[in-house]
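Colleague: File follows, final-v7.txt with compact mmCIF, C-alpha atoms:
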```
# COMPACT_ATOMS: atom_id res chain seq x y z
CA MET P 215 19.29 27.90 28.16
CA HIS P 216 18.56 27.45 24.44
CA GLU P 217 14.88 27.53 25.42
CA LEU P 218 15.18 31.31 25.77
CA SER P 219 16.25 31.79 22.16
CA VAL P 220 13.62 29.44 20.75
CA THR P 221 10.95 31.07 22.92
CA GLU P 222 12.01 34.49 21.61
CA SER P 223 11.67 33.14 18.07
CA VAL P 224 8.20 31.77 18.77
CA LEU P 225 7.15 35.13 20.24
CA GLU P 226 8.47 37.03 17.23
CA ILE P 227 6.68 34.73 14.76
CA ALA P 228 3.40 34.74 16.70
CA CYS P 229 3.39 38.53 17.12
CA ARG P 230 4.17 39.09 13.45
CA HIS P 231 1.34 36.82 12.29
CA ALA P 232 -1.07 38.29 14.86
CA GLU P 233 -0.31 41.82 13.67
CA ASN P 234 -0.79 40.78 10.04
CA ALA P 235 -4.17 39.29 10.99
CA GLN P 236 -5.09 42.49 12.87
CA ALA P 237 -5.50 40.56 16.11
CA SER P 238 -6.17 42.26 19.41
CA GLN P 239 -4.75 39.29 21.32
CA VAL P 240 -3.14 35.89 20.80
CA THR P 241 -4.99 33.37 22.99
CA ASP P 242 -3.31 30.04 22.20
CA ILE P 243 -0.07 28.86 20.64
CA HIS P 244 0.45 25.26 19.52
CA LEU P 245 4.05 24.03 19.38
CA VAL P 246 5.20 20.74 17.86
CA ILE P 247 8.22 19.34 19.69
CA GLY P 248 10.01 16.11 18.85
CA HIS P 249 11.24 13.71 21.53
CA LEU P 250 14.84 14.26 20.43
CA SER P 251 14.70 18.07 20.44
CA SER P 252 15.67 18.42 24.13
CA ILE P 253 13.23 21.31 24.58
CA ILE P 254 11.84 21.42 28.13
CA ASP P 255 8.21 22.56 28.28
CA GLU P 256 8.53 24.14 31.73
CA SER P 257 11.51 26.24 30.63
CA VAL P 258 9.65 27.51 27.56
CA ILE P 259 6.66 28.44 29.75
CA PHE P 260 8.95 30.17 32.25
CA TYR P 261 10.60 32.32 29.57
CA TRP P 262 7.30 32.86 27.78
CA ASN P 263 5.71 34.41 30.85
CA ILE P 264 8.59 36.88 31.11
CA ILE P 265 9.20 37.89 27.50
CA SER P 266 5.58 38.00 26.29
CA LYS P 267 4.63 40.75 28.74
CA ASP P 268 3.23 43.86 27.03
CA THR P 269 2.87 42.08 23.67
CA LEU P 270 -0.11 40.71 21.75
CA CYS P 271 0.87 37.30 23.13
CA GLU P 272 0.75 38.15 26.82
CA GLY P 273 -1.45 35.58 28.56
CA ALA P 274 -1.52 33.20 25.59
CA GLU P 275 -1.68 29.55 26.58
CA LEU P 276 1.08 27.34 25.21
CA HIS P 277 0.12 23.87 24.00
CA PHE P 278 2.85 21.29 23.48
CA ILE P 279 2.32 18.56 20.92
CA ARG P 280 4.99 15.91 21.47
CA VAL P 281 6.16 13.83 18.50
CA PRO P 282 7.73 10.45 19.29
CA ALA P 283 11.15 9.57 17.92
CA ILE P 284 10.87 7.10 15.06
CA LEU P 285 14.10 5.64 13.72
CA VAL P 286 14.91 3.37 10.79
CA CYS P 287 17.86 1.02 10.67
CA LEU P 288 19.97 1.51 7.55
CA ASN P 289 21.17 -2.11 7.69
CA CYS P 290 17.97 -4.14 8.11
CA ASN P 291 15.33 -1.47 7.31
CA ASN P 292 13.60 -2.00 10.68
CA GLU P 293 11.55 1.02 11.75
CA TYR P 294 11.12 1.44 15.48
CA LYS P 295 9.94 3.91 18.10
CA LEU P 296 12.56 5.13 20.52
CA GLU P 297 11.29 4.70 24.07
CA GLY P 298 14.16 6.23 26.02
CA GLU P 299 17.76 7.09 25.23
CA LEU P 300 19.20 6.69 21.74
CA THR P 301 19.89 2.99 21.20
CA PRO P 302 21.01 0.75 18.35
CA CYS P 303 18.47 -1.13 16.24
CA PRO P 304 16.61 -3.63 18.43
CA ASN P 305 16.40 -6.03 15.48
CA CYS P 306 20.07 -6.27 14.37
CA ASN P 307 21.92 -4.08 16.93
CA SER P 308 23.27 -1.80 14.20
CA ALA P 309 24.16 1.79 15.08
CA LYS P 310 23.53 2.88 11.48
CA ILE P 311 20.17 4.56 11.96
CA ARG P 312 18.28 7.49 10.50
CA VAL P 313 15.77 9.68 12.31
CA VAL P 314 12.36 9.57 10.61
CA SER P 315 10.61 11.81 13.15
CA GLY P 316 11.20 13.20 16.59
CA ASP P 317 13.63 16.04 15.98
CA GLU P 318 10.94 18.60 15.11
CA PHE P 319 10.40 21.95 16.73
CA HIS P 320 8.00 24.41 15.14
CA LEU P 321 5.07 26.68 15.79
CA ASP P 322 2.09 24.77 14.38
CA SER P 323 -0.68 27.33 14.85
CA ILE P 324 -1.88 30.33 16.80
CA GLU P 325 -5.37 31.31 17.87
CA ILE P 326 -6.28 34.98 18.05
CA GLN P 327 -9.02 37.39 19.02
CA ARG P 328 -9.85 40.34 16.81
```
I need this file expressed as structure tokens, please.

Modeller:
Amino acid sequence: MHELSVTESVLEIACRHAENAQASQVTDIHLVIGHLSSIIDESVIFYWNIISKDTLCEGAELHFIRVPAILVCLNCNNEYKLEGELTPCPNCNSAKIRVVSGDEFHLDSIEIQR
């Protein structure tokens, strides 16, 4: 259900920037979502279609840019891409890892009509 709150935040940010740009409509919204963020695209779209009604963002198309999870082992310095669930380092089996990318969630850009 956290998708509702993040979708509300995206709507607030997009509407604010659209108003500042004197837009008549927001046509597209580009979201960057990391593999580890647990955000479900379909849930965001579902909430978006409900909460964006009667706003500058109504009818805007959402675009999801997925960022893979890249981890680095703090023991052997091996950098690897996470393919599925969180796992230890495939090189040395250490659980001492750091996330390099994949936990992102942000509004990257919006496209508007004036």

Colleague: So how far away is atom CA of Glu222 of chain P from atom CA of Ile324 of chain P, in Å?

Modeller: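 Result for atom CA of Ile324 of chain P versus atom CA of Glu222 of chain P: 15.3 Å, one decimal.
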
Colleague: Taking into account all atoms listed in the file, which residue in the set P:Thr241, P:Ser252, P:Asn234, P:Asn291 is nearest to Val314 of chain P?

Modeller: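 Counting all atoms listed in the file, the residue closest to Val314 of chain P is P:Asn291.
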
Colleague: Quick one, how far is atom CA of Ile326 of chain P from atom CA of Cys271 of chain P?

Modeller: 9.1 Å

Colleague: Got a sec: who's within 10 Å of Val258 of chain P, counting all atoms listed in the file, leaving out chain neighbours fewer than 5 positions off, as a list in words?

Modeller: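 Close residues of Val258 of chain P: Met215, His216, Glu217, Leu218, Ser219, Val220, Thr221, Glu222, Val224, Ile253, Asn263 and Leu276 of chain P.
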
Colleague: Tell me, as a list in words, which residues lie within 6 Å of Leu285 of chain P, counting all atoms listed in the file; anything in the same chain fewer than 3 positions away does not count.

Modeller: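 The residues that qualify are Glu293, Tyr294, Arg312, Val313 and Val314 of chain P.
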
Colleague: So which one's closest to Ala232 of chain P, P:Thr269, P:Asn292, P:Gly316, P:Glu256? Using only C-alpha atoms, please.

Modeller: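 The shortest atom-to-atom distance to Ala232 of chain P comes from P:Thr269.
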
Colleague: Name the closest residue to Leu245 of chain P among the candidates P:Ala274, P:Ile279, P:Cys306, P:Ile264; distances are taken between atoms, counting only C-alpha atoms.

Modeller: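 Of the candidates, the smallest distance to Leu245 of chain P is held by P:Ile279.
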
Colleague: Which residue out of P:Ile247, P:Leu270, P:Ile259, P:Ala237 has the minimum interatomic distance to Ser315 of chain P when all atoms listed in the file are used?

Modeller: P:Ile247

Colleague: What gap, in Å, lies between atom CA of Leu225 of chain P and atom CA of Ala283 of chain P?

Modeller: 26.0 Å
